[in-house]
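Asks: Next comes upload10.cif, mmCIF, C-alpha atoms and all ligand atoms:
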```
data_target
loop_
_atom_site.label_atom_id
_atom_site.label_comp_id
_atom_site.auth_asym_id
_atom_site.auth_seq_id
_atom_site.Cartn_x
_atom_site.Cartn_y
_atom_site.Cartn_z
CA MET Q 1 -39.07 28.37 47.76
CA ASN Q 2 -39.78 24.89 48.88
CA TYR Q 3 -36.98 22.46 49.63
CA LYS Q 4 -37.45 20.39 46.47
CA LEU Q 5 -37.09 23.44 44.20
CA LYS Q 6 -34.11 24.72 46.18
CA VAL Q 7 -32.28 21.45 45.50
CA THR Q 8 -33.46 20.92 41.91
CA ILE Q 9 -32.41 24.31 40.48
CA PRO Q 10 -28.70 24.03 41.39
CA VAL Q 11 -28.68 20.41 40.28
CA VAL Q 12 -30.19 21.34 36.90
CA VAL Q 13 -27.87 24.33 36.52
CA CYS Q 14 -24.91 22.30 37.56
CA GLY Q 15 -25.96 19.37 35.33
CA GLY Q 16 -26.41 21.77 32.41
CA ALA Q 17 -22.96 23.22 32.96
CA VAL Q 18 -21.42 19.76 33.05
CA LEU Q 19 -23.26 18.80 29.88
CA ALA Q 20 -22.23 22.04 28.16
CA TYR Q 21 -18.62 21.51 29.25
CA TYR Q 22 -18.73 17.92 28.00
CA LEU Q 23 -20.23 18.97 24.64
CA ILE Q 24 -17.65 21.73 24.17
CA ARG Q 25 -14.86 19.25 24.95
CA ARG Q 26 -16.28 16.72 22.52
CA LYS Q 27 -16.53 19.41 19.85
CA ALA Q 28 -12.96 20.52 20.55
CA ALA Q 29 -11.76 16.93 20.23
CA ALA Q 30 -13.69 16.54 16.99
CA MET Q 31 -12.58 19.91 15.60
CA VAL Q 32 -9.47 20.38 13.53
CA ASP Q 33 -7.09 22.79 15.31
CA ALA Q 34 -6.10 26.17 13.87
CA THR Q 35 -2.50 25.19 13.09
CA THR Q 36 -3.62 22.16 11.09
CA LEU Q 37 -6.18 24.26 9.23
CA GLU Q 38 -3.47 26.79 8.38
CA LYS Q 39 -1.19 24.02 7.09
CA LEU Q 40 -4.09 22.60 5.08
CA GLU Q 41 -4.81 25.96 3.45
CA ALA Q 42 -1.11 26.47 2.66
CA GLY Q 43 -0.89 22.93 1.24
CA PHE Q 44 -3.96 23.42 -0.89
CA SER Q 45 -2.58 26.69 -2.33
CA LYS Q 46 0.83 25.08 -2.99
CA LEU Q 47 -0.78 22.19 -4.83
CA ALA Q 48 -3.15 24.42 -6.80
CA ALA Q 49 -0.31 26.66 -7.95
CA SER Q 50 1.88 23.70 -8.95
CA ASP Q 51 2.00 21.71 -12.15
CA SER Q 52 1.81 18.45 -10.18
CA LYS Q 53 0.40 15.59 -12.26
CA SER Q 54 -0.78 13.68 -9.19
CA LEU Q 55 -4.25 12.24 -8.77
CA LEU Q 56 -4.38 14.25 -5.54
CA LYS Q 57 -4.10 17.51 -7.44
CA LYS Q 58 -6.63 16.30 -10.00
CA TYR Q 59 -9.34 15.48 -7.46
CA LEU Q 60 -8.71 17.88 -4.57
CA THR Q 61 -11.00 20.63 -5.79
CA ARG Q 62 -11.82 23.62 -3.58
CA GLU Q 63 -15.25 22.11 -3.02
CA VAL Q 64 -13.91 18.73 -1.88
CA PHE Q 65 -11.24 20.48 0.23
CA ASP Q 66 -13.82 22.63 2.04
CA ALA Q 67 -16.08 19.67 2.67
CA LEU Q 68 -13.26 17.64 4.25
CA LYS Q 69 -10.92 20.12 5.95
CA ASN Q 70 -12.73 20.04 9.29
CA LYS Q 71 -13.18 16.28 9.50
CA LYS Q 72 -11.33 13.82 11.71
CA THR Q 73 -11.31 10.05 12.14
CA SER Q 74 -11.68 8.55 15.60
CA PHE Q 75 -7.88 8.16 15.62
CA GLY Q 76 -7.68 11.95 15.23
CA SER Q 77 -6.42 11.76 11.63
CA THR Q 78 -7.18 14.79 9.46
CA LEU Q 79 -7.16 15.61 5.77
CA LEU Q 80 -3.61 16.87 6.29
CA ASP Q 81 -2.48 13.39 7.32
CA CYS Q 82 -3.92 12.03 4.07
CA ILE Q 83 -2.48 14.61 1.66
CA GLN Q 84 0.80 15.79 3.19
CA SER Q 85 2.93 13.37 1.14
CA GLY Q 86 1.48 14.59 -2.15
CA VAL Q 87 1.79 18.22 -1.06
CA GLU Q 88 5.44 17.81 -0.09
CA ASN Q 89 6.27 15.61 -3.10
CA LEU Q 90 4.72 17.35 -6.07
CA ASP Q 91 6.14 14.64 -8.37
CA SER Q 92 3.85 12.04 -6.73
CA GLY Q 93 1.79 9.97 -9.10
CA VAL Q 94 -0.97 9.53 -6.56
CA GLY Q 95 -0.09 11.65 -3.51
CA ILE Q 96 -2.44 10.33 -0.85
CA TYR Q 97 -2.38 7.74 1.96
CA ALA Q 98 -4.94 6.62 4.54
CA PRO Q 99 -3.48 7.16 8.03
CA ASP Q 100 -6.04 4.70 9.40
CA ALA Q 101 -8.70 2.53 7.76
CA GLU Q 102 -11.52 4.88 8.79
CA ALA Q 103 -9.97 7.60 6.60
CA TYR Q 104 -11.26 5.76 3.51
CA VAL Q 105 -14.79 6.49 4.76
CA VAL Q 106 -14.39 9.92 6.42
CA PHE Q 107 -12.45 11.32 3.43
CA ALA Q 108 -14.31 9.26 0.81
CA ASP Q 109 -15.06 12.36 -1.30
CA LEU Q 110 -11.35 12.46 -2.10
CA PHE Q 111 -10.38 8.78 -1.92
CA ASP Q 112 -13.24 7.48 -4.07
CA PRO Q 113 -12.45 9.39 -7.29
CA ILE Q 114 -8.73 8.63 -6.88
CA ILE Q 115 -9.52 4.93 -6.42
CA GLU Q 116 -11.78 5.03 -9.47
CA ASP Q 117 -9.12 6.69 -11.60
CA TYR Q 118 -6.26 4.41 -10.50
CA HIS Q 119 -8.14 1.10 -10.53
CA ASN Q 120 -9.69 1.39 -13.98
CA GLY Q 121 -13.12 2.68 -13.09
CA PHE Q 122 -13.80 1.06 -9.70
CA LYS Q 123 -16.77 3.22 -8.70
CA LYS Q 124 -17.87 4.29 -5.24
CA THR Q 125 -20.90 2.08 -5.70
CA ASP Q 126 -18.76 -0.93 -6.69
CA LYS Q 127 -17.83 -3.78 -4.38
CA HIS Q 128 -14.50 -5.54 -4.61
CA PRO Q 129 -15.02 -9.29 -5.34
CA PRO Q 130 -14.27 -11.90 -2.67
CA LYS Q 131 -10.76 -13.34 -2.54
CA ASN Q 132 -10.18 -15.89 -5.28
CA TRP Q 133 -6.72 -17.22 -6.12
CA GLY Q 134 -8.15 -19.19 -9.05
CA ASP Q 135 -6.58 -22.27 -10.58
CA VAL Q 136 -2.84 -21.76 -10.14
CA GLU Q 137 -2.11 -24.64 -12.52
CA THR Q 138 -3.39 -22.66 -15.49
CA LEU Q 139 -0.48 -20.20 -15.44
CA GLY Q 140 2.73 -21.09 -17.19
CA ASN Q 141 6.25 -19.90 -17.84
CA LEU Q 142 6.31 -16.51 -19.54
CA ASP Q 143 9.62 -17.05 -21.23
CA PRO Q 144 10.74 -20.70 -21.26
CA ALA Q 145 13.74 -19.92 -23.48
CA GLY Q 146 14.96 -17.25 -21.02
CA GLU Q 147 15.38 -14.58 -23.69
CA PHE Q 148 13.53 -11.68 -22.09
CA VAL Q 149 12.42 -12.26 -18.50
CA VAL Q 150 15.15 -11.91 -15.89
CA SER Q 151 12.99 -12.64 -12.85
CA THR Q 152 9.39 -12.88 -11.68
CA ARG Q 153 7.80 -11.65 -8.46
CA VAL Q 154 4.30 -11.57 -7.00
CA ARG Q 155 3.55 -9.70 -3.80
CA CYS Q 156 0.53 -8.84 -1.75
CA GLY Q 157 0.02 -6.60 1.27
CA ARG Q 158 -1.84 -7.28 4.50
CA SER Q 159 -2.77 -5.22 7.55
CA MET Q 160 -3.12 -6.82 10.95
CA GLU Q 161 -6.54 -6.52 12.51
CA GLY Q 162 -6.64 -4.25 15.54
CA TYR Q 163 -3.81 -1.95 14.47
CA PRO Q 164 -4.00 1.35 12.58
CA PHE Q 165 -1.60 2.16 9.73
CA ASN Q 166 1.93 3.56 10.17
CA PRO Q 167 1.19 7.21 11.08
CA CYS Q 168 -0.96 6.18 14.06
CA LEU Q 169 1.16 3.32 15.45
CA THR Q 170 2.95 3.71 18.77
CA GLU Q 171 6.50 2.45 19.31
CA ALA Q 172 5.12 -0.23 21.63
CA GLN Q 173 2.72 -1.40 18.92
CA TYR Q 174 5.57 -1.63 16.40
CA LYS Q 175 7.47 -3.92 18.78
CA GLU Q 176 4.41 -5.98 19.55
CA MET Q 177 3.62 -6.44 15.86
CA GLU Q 178 7.19 -7.42 15.03
CA ASP Q 179 7.11 -10.04 17.80
CA LYS Q 180 3.81 -11.43 16.53
CA VAL Q 181 5.04 -11.59 12.94
CA ALA Q 182 8.39 -13.16 13.84
CA SER Q 183 6.84 -15.81 16.07
CA THR Q 184 4.07 -16.61 13.60
CA LEU Q 185 6.47 -17.01 10.69
CA SER Q 186 8.75 -19.24 12.74
CA GLY Q 187 5.99 -21.83 12.42
CA LEU Q 188 6.25 -22.05 8.63
CA GLU Q 189 7.51 -25.29 7.21
CA GLY Q 190 8.87 -26.92 4.06
CA GLU Q 191 9.93 -24.54 1.31
CA LEU Q 192 8.63 -21.55 3.31
CA LYS Q 193 10.75 -22.29 6.37
CA GLY Q 194 13.10 -19.43 7.14
CA THR Q 195 14.35 -16.79 9.54
CA PHE Q 196 13.16 -13.35 10.61
CA TYR Q 197 15.82 -10.63 10.56
CA PRO Q 198 14.93 -7.41 12.43
CA LEU Q 199 16.21 -4.23 10.81
CA THR Q 200 17.32 -3.13 14.26
CA GLY Q 201 20.84 -4.41 14.60
CA MET Q 202 21.26 -5.43 10.95
CA SER Q 203 24.61 -4.24 9.57
CA LYS Q 204 24.47 -1.55 6.88
CA GLU Q 205 26.35 -3.89 4.49
CA THR Q 206 23.83 -6.71 4.90
CA GLN Q 207 20.94 -4.26 4.52
CA GLN Q 208 22.42 -2.73 1.35
CA GLN Q 209 23.17 -6.15 -0.15
CA LEU Q 210 19.57 -7.25 0.42
CA ILE Q 211 18.33 -4.02 -1.20
CA ASP Q 212 20.71 -4.37 -4.17
CA ASP Q 213 19.55 -7.95 -4.69
CA HIS Q 214 15.91 -6.72 -4.78
CA PHE Q 215 14.94 -8.58 -1.61
CA LEU Q 216 14.54 -5.72 0.87
CA PHE Q 217 12.68 -2.39 0.90
CA LYS Q 218 14.77 0.73 0.61
CA GLU Q 219 15.32 3.15 3.46
CA GLY Q 220 14.31 6.80 3.52
CA ASP Q 221 11.48 6.74 0.97
CA ARG Q 222 10.54 10.44 0.85
CA PHE Q 223 6.92 9.68 -0.06
CA LEU Q 224 6.49 7.51 3.04
CA GLN Q 225 8.49 9.87 5.22
CA ALA Q 226 6.28 12.83 4.33
CA ALA Q 227 3.23 10.69 5.08
CA ASN Q 228 4.57 10.20 8.62
CA ALA Q 229 5.04 6.51 7.96
CA CYS Q 230 8.66 6.14 9.09
CA ARG Q 231 8.40 7.04 12.78
CA PHE Q 232 10.58 5.08 15.23
CA TRP Q 233 12.51 3.58 12.27
CA PRO Q 234 14.00 0.89 12.36
CA THR Q 235 11.93 -0.28 15.35
CA GLY Q 236 9.40 -2.94 14.36
CA ARG Q 237 10.73 -3.25 10.83
CA GLY Q 238 12.25 -6.43 9.51
CA ILE Q 239 12.42 -9.09 6.85
CA TYR Q 240 11.73 -12.82 6.91
CA HIS Q 241 13.01 -15.06 4.17
CA ASN Q 242 13.45 -18.73 3.39
CA GLU Q 243 16.87 -20.09 2.63
CA ASN Q 244 16.65 -19.58 -1.14
CA LYS Q 245 15.13 -16.10 -0.77
CA THR Q 246 12.19 -17.15 -2.91
CA PHE Q 247 9.67 -16.38 -0.18
CA LEU Q 248 9.97 -13.16 1.79
CA VAL Q 249 7.91 -11.11 4.21
CA TRP Q 250 8.46 -7.42 4.89
CA CYS Q 251 7.33 -6.24 8.29
CA ASN Q 252 6.09 -2.69 8.88
CA GLU Q 253 7.55 -0.89 5.89
CA GLU Q 254 4.65 0.71 3.98
CA ASP Q 255 2.15 -1.91 5.11
CA HIS Q 256 2.12 -4.10 8.21
CA LEU Q 257 2.99 -7.05 6.01
CA ARG Q 258 4.13 -7.56 2.47
CA LEU Q 259 4.18 -11.21 1.41
CA ILE Q 260 6.48 -11.84 -1.54
CA SER Q 261 7.31 -14.78 -3.77
CA MET Q 262 10.07 -14.34 -6.35
CA GLN Q 263 12.68 -16.21 -8.35
CA MET Q 264 14.91 -15.90 -11.39
CA GLY Q 265 13.34 -16.61 -14.79
CA GLY Q 266 9.75 -16.49 -16.00
CA ASP Q 267 8.01 -19.34 -14.19
CA LEU Q 268 5.00 -17.39 -12.98
CA LYS Q 269 3.12 -20.56 -12.08
CA GLN Q 270 5.72 -21.60 -9.55
CA VAL Q 271 6.04 -18.10 -8.12
CA TYR Q 272 2.29 -17.62 -7.78
CA LYS Q 273 1.71 -21.09 -6.34
CA ARG Q 274 4.28 -20.43 -3.61
CA LEU Q 275 2.63 -17.13 -2.69
CA VAL Q 276 -0.85 -18.66 -2.53
CA THR Q 277 0.37 -21.50 -0.30
CA ALA Q 278 2.10 -19.03 2.01
CA VAL Q 279 -0.80 -16.58 2.30
CA ASN Q 280 -3.30 -19.38 2.92
CA ASP Q 281 -1.11 -20.66 5.73
CA ILE Q 282 -0.31 -17.27 7.34
CA GLU Q 283 -3.95 -16.18 7.15
CA LYS Q 284 -4.84 -19.00 9.53
CA ARG Q 285 -2.41 -17.65 12.09
CA ILE Q 286 -2.86 -13.84 11.84
CA PRO Q 287 -6.24 -12.11 11.36
CA PHE Q 288 -6.06 -9.52 8.56
CA SER Q 289 -8.12 -6.33 8.03
CA HIS Q 290 -10.67 -6.72 5.28
CA ASN Q 291 -13.51 -4.50 4.16
CA ASP Q 292 -16.59 -5.62 2.31
CA ARG Q 293 -16.32 -2.92 -0.33
CA LEU Q 294 -12.58 -2.23 -0.48
CA GLY Q 295 -11.17 -5.74 -0.04
CA PHE Q 296 -7.93 -6.08 1.92
CA LEU Q 297 -7.01 -2.78 3.55
CA THR Q 298 -3.69 -1.09 2.89
CA PHE Q 299 -2.03 2.24 3.67
CA CYS Q 300 -2.04 3.40 0.04
CA PRO Q 301 -5.23 3.40 -2.02
CA THR Q 302 -3.31 1.97 -5.00
CA ASN Q 303 -2.87 -1.29 -3.11
CA LEU Q 304 -6.42 -1.94 -1.89
CA GLY Q 305 -8.51 -4.92 -2.98
CA THR Q 306 -6.37 -7.86 -4.01
CA THR Q 307 -3.20 -5.91 -3.03
CA VAL Q 308 -1.50 -8.01 -5.71
CA ARG Q 309 1.37 -6.68 -7.78
CA ALA Q 310 2.74 -9.31 -10.15
CA SER Q 311 5.86 -8.16 -11.94
CA VAL Q 312 8.65 -9.27 -14.19
CA HIS Q 313 12.09 -7.82 -14.58
CA ILE Q 314 12.31 -7.83 -18.33
CA LYS Q 315 14.56 -6.72 -21.18
CA LEU Q 316 12.74 -5.50 -24.27
CA PRO Q 317 15.52 -3.58 -26.07
CA LYS Q 318 13.64 -2.85 -29.30
CA LEU Q 319 10.39 -1.81 -27.70
CA ALA Q 320 12.16 0.16 -24.98
CA ALA Q 321 14.28 2.08 -27.49
CA ASP Q 322 11.45 4.57 -27.27
CA LYS Q 323 10.44 4.75 -23.58
CA ALA Q 324 7.23 6.64 -24.35
CA LYS Q 325 6.24 3.90 -26.80
CA LEU Q 326 6.93 1.20 -24.18
CA GLU Q 327 4.73 3.04 -21.66
CA GLU Q 328 2.00 3.48 -24.24
CA VAL Q 329 1.93 -0.18 -25.27
CA ALA Q 330 2.15 -1.33 -21.63
CA SER Q 331 -0.78 0.84 -20.58
CA LYS Q 332 -2.86 -0.66 -23.38
CA TYR Q 333 -2.60 -3.94 -21.46
CA HIS Q 334 -3.19 -2.20 -18.09
CA LEU Q 335 0.45 -2.62 -17.17
CA GLN Q 336 2.73 -0.25 -15.27
CA VAL Q 337 6.41 0.28 -16.09
CA ARG Q 338 8.94 0.91 -13.30
CA GLY Q 339 12.74 1.07 -13.15
CA THR Q 340 15.07 -1.73 -12.07
CA ARG Q 341 15.11 -0.81 -8.39
CA GLY Q 342 11.36 -0.40 -8.27
CA GLU Q 343 9.04 2.53 -8.01
CA HIS Q 344 10.47 5.99 -8.67
CA THR Q 345 13.71 4.57 -10.12
CA GLU Q 346 15.22 4.38 -13.60
CA ALA Q 347 15.96 1.29 -15.69
CA GLU Q 348 19.53 0.00 -15.36
CA GLY Q 349 21.05 -2.12 -18.14
CA GLY Q 350 17.74 -2.09 -20.02
CA VAL Q 351 15.90 -3.97 -17.24
CA TYR Q 352 12.34 -2.78 -16.60
CA ASP Q 353 9.91 -3.82 -13.87
CA ILE Q 354 6.55 -4.32 -15.55
CA SER Q 355 3.47 -5.25 -13.51
CA ASN Q 356 -0.32 -5.20 -13.38
CA LYS Q 357 -1.41 -1.67 -12.45
CA ARG Q 358 -4.85 -2.13 -10.94
CA ARG Q 359 -5.53 -4.29 -7.91
CA MET Q 360 -9.23 -3.64 -7.27
CA GLY Q 361 -12.43 -4.77 -8.90
CA LEU Q 362 -10.91 -8.06 -10.06
CA THR Q 363 -9.81 -11.27 -8.33
CA GLU Q 364 -6.28 -12.15 -7.30
CA TYR Q 365 -6.09 -14.60 -10.19
CA GLU Q 366 -7.32 -12.00 -12.67
CA ALA Q 367 -4.76 -9.46 -11.43
CA VAL Q 368 -1.92 -11.93 -12.02
CA LYS Q 369 -3.43 -13.02 -15.35
CA GLU Q 370 -3.52 -9.39 -16.43
CA MET Q 371 0.26 -9.25 -16.07
CA TYR Q 372 0.70 -12.69 -17.68
CA ASP Q 373 -1.36 -11.84 -20.76
CA GLY Q 374 0.10 -8.35 -21.12
CA ILE Q 375 3.71 -9.52 -20.88
CA ALA Q 376 3.01 -12.28 -23.42
CA GLU Q 377 1.80 -9.54 -25.81
CA LEU Q 378 4.83 -7.32 -25.15
CA ILE Q 379 7.16 -10.26 -25.88
CA LYS Q 380 5.24 -10.95 -29.09
CA ILE Q 381 5.65 -7.31 -30.16
CA GLU Q 382 9.35 -7.32 -29.25
CA LYS Q 383 9.88 -10.44 -31.38
CA SER Q 384 8.11 -8.82 -34.32
CA LEU Q 385 10.29 -5.70 -34.32
N1 LIG K 1 10.11 -9.13 -11.06
C1 LIG K 1 11.01 -8.72 -10.18
N2 LIG K 1 12.19 -9.35 -10.05
C2 LIG K 1 13.11 -8.97 -9.14
N3 LIG K 1 12.93 -7.94 -8.31
C3 LIG K 1 11.78 -7.27 -8.41
C4 LIG K 1 10.77 -7.61 -9.34
N4 LIG K 1 9.74 -6.74 -9.19
C5 LIG K 1 10.10 -5.90 -8.22
N5 LIG K 1 11.32 -6.19 -7.74
C6 LIG K 1 12.07 -5.51 -6.68
O1 LIG K 1 11.28 -5.39 -5.52
C7 LIG K 1 11.72 -4.27 -4.78
C8 LIG K 1 10.54 -3.42 -4.37
O2 LIG K 1 10.01 -2.75 -5.48
P1 LIG K 1 8.85 -1.68 -5.38
O3 LIG K 1 9.01 -0.92 -4.12
O4 LIG K 1 8.76 -0.95 -6.66
O5 LIG K 1 7.55 -2.55 -5.35
P2 LIG K 1 6.67 -3.24 -4.25
O6 LIG K 1 7.51 -3.97 -3.26
O7 LIG K 1 5.71 -4.05 -5.02
O8 LIG K 1 5.95 -2.11 -3.43
P3 LIG K 1 5.31 -0.70 -3.81
O9 LIG K 1 4.46 -0.92 -5.00
O10 LIG K 1 4.56 -0.36 -2.59
O11 LIG K 1 6.46 0.22 -4.05
C9 LIG K 1 12.73 -3.54 -5.65
O12 LIG K 1 14.03 -3.90 -5.29
C10 LIG K 1 12.43 -4.10 -7.02
O13 LIG K 1 13.53 -4.06 -7.89
N1 LIG K 2 4.15 2.27 -2.97
C1 LIG K 2 3.06 2.90 -3.31
N2 LIG K 2 2.05 2.98 -2.50
N3 LIG K 2 3.02 3.45 -4.54
C2 LIG K 2 2.00 4.29 -5.03
C3 LIG K 2 2.16 5.75 -4.74
C4 LIG K 2 3.49 6.23 -4.23
C5 LIG K 2 3.60 7.73 -4.01
N4 LIG K 2 2.79 8.16 -2.92
C6 LIG K 2 3.19 8.48 -5.26
O1 LIG K 2 2.14 9.02 -5.28
O2 LIG K 2 3.94 8.49 -6.22
#
```
Output the file's structure in the form of C-alpha cells.
Ligand SMILES: Nc1ncnc2c1ncn2[C@@H]1O[C@H](COP(=O)(O)OP(=O)(O)OP(=O)(O)O)[C@@H](O)[C@H]1O
Ligand SMILES: NC(=[NH2+])NCCC[C@H](N)C(=O)O
Replies:
Amino acid sequence: MNYKLKVTIPVVVCGGAVLAYYLIRRKAAAMVDATTLEKLEAGFSKLAASDSKSLLKKYLTREVFDALKNKKTSFGSTLLDCIQSGVENLDSGVGIYAPDAEAYVVFADLFDPIIEDYHNGFKKTDKHPPKNWGDVETLGNLDPAGEFVVSTRVRCGRSMEGYPFNPCLTEAQYKEMEDKVASTLSGLEGELKGTFYPLTGMSKETQQQLIDDHFLFKEGDRFLQAANACRFWPTGRGIYHNENKTFLVWCNEEDHLRLISMQMGGDLKQVYKRLVTAVNDIEKRIPFSHNDRLGFLTFCPTNLGTTVRASVHIKLPKLAADKAKLEEVASKYHLQVRGTRGEHTEAEGGVYDISNKRRMGLTEYEAVKEMYDGIAELIKIEKSL
C-alpha cells in the first residue's frame, strides 16, 4: 500500500463515521421522542373517544395526526405542544395553540382547516389583507341614549419580533420583554400617558380589583395553563394603563402584548380612534411579528390577522330571555356572545359581552364595523320585541 492510500483510507473511514454520527444526531434532534409519541397517541385516543365539540376534535383526523405526529419546529415544538390544551380541556371551543410562529407552517394540515372554520372560510390559499384602520370618523355611538350598551372595548394583540410564544420563552426573555415594554410605554404622551404595573409585587387586592373592573386578565386560565403558557408566572407579566383606564396594555398574558381601548357607554368612534392612535405610535417603537399570509401573529389561531376583537357589554333582556335565540341571532351577524367576565364565563345581571368573531380575511376597520353593524341590528330587534 502506498503512503497516500494508507492515509486516505482512515481519513475517509473516519470522515464517514463523523458524518454518520452527525446525521444520526441531526435525525435524533429532529425526531419526536418516544414519550412524546406515547402522550400524543393517548391524547388522540382520549379526544376521539370524547364528545368534545372543539375544532381540534373536528379536524384532527387519524390521517392528519399520522402526518404530523413526527414533526418538529426548529424550536423543538411538537404536535403535542399544539394540541395539549384541547386534549386536557375537552370543553374547548377551539383547542389548539401555536407554541411558536413556525408551528403554523409545520402543522398547517391541522391549523389551516381550523383557521378556515373559525374565520368564516379563510382558505389556505387566501392571503390576509394589509393593515387598514380605515376612516375612524365614520363610526359613531352605538347607543347615544345609553339604554343598552354598558361599555365598549376594542383590543388587538401583538407579538414582539425575535421572540417565540409563551411555551418557548425563557425566564430571562420574559424579564427582558417586560423591561422593553415598560420602557417603551413610558414614552407615551397625552391621553395615553400612564404607568406600567408589574404583576410581580402587585397586592392580591389590587389585582382582584383590576380583574373585577374588567381591566386586567384573570389568573390561572386552565386553557393557557395546559398549553404551557403560564410558566414562570408572574414573571414578565404586567399591565400598563393611563390615568382614566381607557387605554391599557397587557404584557405577556396570552400574547406578548394586548393593546386595549375601553370606556363606559357606546361611543365606538372614540374608543377605536384611541386604539388606532396608540397602536400607530407603539408600532414605531417596537417591531411586531407579521406574516404575509396570516397577518399579525398570535399564540391562538383565533386571533391571527387583524387580531381585533371589538366588543360591547350590553343588556338585551328581551332577546336574551332565550339564550339560544340570542346566540343564533348574533351568529347571523358573525358575532360571538360571551359572559360578563369574558370568555368561558356566564352573564351576570343580564350583561353580555358581544364581539366580532372573525379577525382574518378582512381589514381592521371591517372587523370593527362588523361588530358595529351587528350590534345596531341586535338593538333594533330588541326594540321591536
Ligand atoms: N365591552 C367591554 N366592556 C368592558 N369590559 C369588557 C368588554 N369586553 C370585554 N371586557 C372585559 O375584558 C376582560 C377580558 O375578556 P376576555 O378574556 O374574554 O377577552 P380578550 O381580552 O379580548 O381576550 P381573549 O379573547 O384572548 O380571551 C374581561 O374582564 C371582560 O369582561
Ligand atoms: N383567548 C382565546 N385564544 N380564545 C380562543 C380559544 C380559547 C380556548 N383554547 C378554547 O378553545 O376554548
Asks: Looking at Q:Ala101, Q:Val87, Q:Val181, Q:Leu40, which one is nearest to ligand LIG 2 (chain K), with distances taken over only C-alpha atoms and all ligand atoms?
Replies: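 When distances to ligand LIG 2 (chain K) are compared using only C-alpha atoms and all ligand atoms, the smallest one comes from Q:Val87.
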Asks: Using all atoms listed in the file, which of Q:Val154, Q:Ala229, Q:Leu139, Q:Val312 sits nearest ligand LIG 2 (chain K)?
Replies: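 Closest candidate: Q:Ala229.
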Asks: Step by step, measure atom-to-atom distances between ligand LIG 2 (chain K) and each residue using all atoms listed in the file, keep those at most 9 Å, then write them as a list in words.
Replies: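 For ligand LIG 2 (chain K), the residues inside 9 Å are Ser54, Leu55, Leu56, Ser85, Gly86, Asn89, Leu90, Asp91, Ser92, Gly93, Val94, Gly95, Ile96, Tyr97, Arg222, Phe223, Leu224, Ala227, Glu254, Thr298, Phe299, Cys300, Pro301, Thr302, Asn303, Glu343 and His344 of chain Q.
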Asks: Measure the distance from CA of Asp100 in chain Q to CA of Phe232 in chain Q in Å and round it to one decimal.
Replies: 17.6 Å
Asks: Determine the nearest neighbour of Val249 in chain Q from the options Q:Arg155, Q:Arg341, Q:Ser331, Q:His290, counting all atoms listed in the file.
Replies: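 Checking each candidate against Val249 in chain Q, we get Q:Arg155 as the closest.
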Asks: Take range 236-240 of chain Q, bring it up to all heavy atoms, and give me the output as a PDB file, in the frame of the given file.
Replies:
```
ATOM      1  N   GLY Q 236      10.574  -2.220  14.879  1.00  0.00           N
ATOM      2  CA  GLY Q 236       9.400  -2.940  14.360  1.00  0.00           C
ATOM      3  C   GLY Q 236       9.502  -3.320  12.904  1.00  0.00           C
ATOM      4  O   GLY Q 236       8.613  -3.964  12.365  1.00  0.00           O
ATOM      5  N   ARG Q 237      10.575  -2.896  12.248  1.00  0.00           N
ATOM      6  CA  ARG Q 237      10.730  -3.250  10.830  1.00  0.00           C
ATOM      7  C   ARG Q 237      11.657  -4.448  10.705  1.00  0.00           C
ATOM      8  O   ARG Q 237      12.623  -4.582  11.469  1.00  0.00           O
ATOM      9  CB  ARG Q 237      11.342  -2.075  10.023  1.00  0.00           C
ATOM     10  CG  ARG Q 237      10.341  -1.023   9.604  1.00  0.00           C
ATOM     11  CD  ARG Q 237       9.926  -0.167  10.759  1.00  0.00           C
ATOM     12  NE  ARG Q 237       9.072   0.954  10.341  1.00  0.00           N
ATOM     13  CZ  ARG Q 237       8.780   1.985  11.120  1.00  0.00           C
ATOM     14  NH1 ARG Q 237       9.249   2.047  12.355  1.00  0.00           N
ATOM     15  NH2 ARG Q 237       8.002   2.949  10.684  1.00  0.00           N
ATOM     16  N   GLY Q 238      11.390  -5.271   9.704  1.00  0.00           N
ATOM     17  CA  GLY Q 238      12.250  -6.430   9.510  1.00  0.00           C
ATOM     18  C   GLY Q 238      11.878  -7.220   8.276  1.00  0.00           C
ATOM     19  O   GLY Q 238      10.910  -6.881   7.568  1.00  0.00           O
ATOM     20  N   ILE Q 239      12.667  -8.247   8.020  1.00  0.00           N
ATOM     21  CA  ILE Q 239      12.420  -9.090   6.850  1.00  0.00           C
ATOM     22  C   ILE Q 239      12.579 -10.568   7.239  1.00  0.00           C
ATOM     23  O   ILE Q 239      13.502 -10.923   7.972  1.00  0.00           O
ATOM     24  CB  ILE Q 239      13.371  -8.718   5.671  1.00  0.00           C
ATOM     25  CG1 ILE Q 239      13.084  -9.597   4.444  1.00  0.00           C
ATOM     26  CG2 ILE Q 239      14.835  -8.803   6.085  1.00  0.00           C
ATOM     27  CD1 ILE Q 239      13.866  -9.197   3.195  1.00  0.00           C
ATOM     28  N   TYR Q 240      11.649 -11.369   6.736  1.00  0.00           N
ATOM     29  CA  TYR Q 240      11.730 -12.820   6.910  1.00  0.00           C
ATOM     30  C   TYR Q 240      12.038 -13.381   5.529  1.00  0.00           C
ATOM     31  O   TYR Q 240      11.514 -12.899   4.531  1.00  0.00           O
ATOM     32  CB  TYR Q 240      10.370 -13.335   7.383  1.00  0.00           C
ATOM     33  CG  TYR Q 240      10.243 -14.850   7.383  1.00  0.00           C
ATOM     34  CD1 TYR Q 240      10.496 -15.592   8.535  1.00  0.00           C
ATOM     35  CD2 TYR Q 240       9.838 -15.536   6.226  1.00  0.00           C
ATOM     36  CE1 TYR Q 240      10.360 -16.980   8.535  1.00  0.00           C
ATOM     37  CE2 TYR Q 240       9.710 -16.923   6.224  1.00  0.00           C
ATOM     38  CZ  TYR Q 240       9.974 -17.634   7.384  1.00  0.00           C
ATOM     39  OH  TYR Q 240       9.837 -19.005   7.381  1.00  0.00           O
TER      40      TYR Q 240
END
```
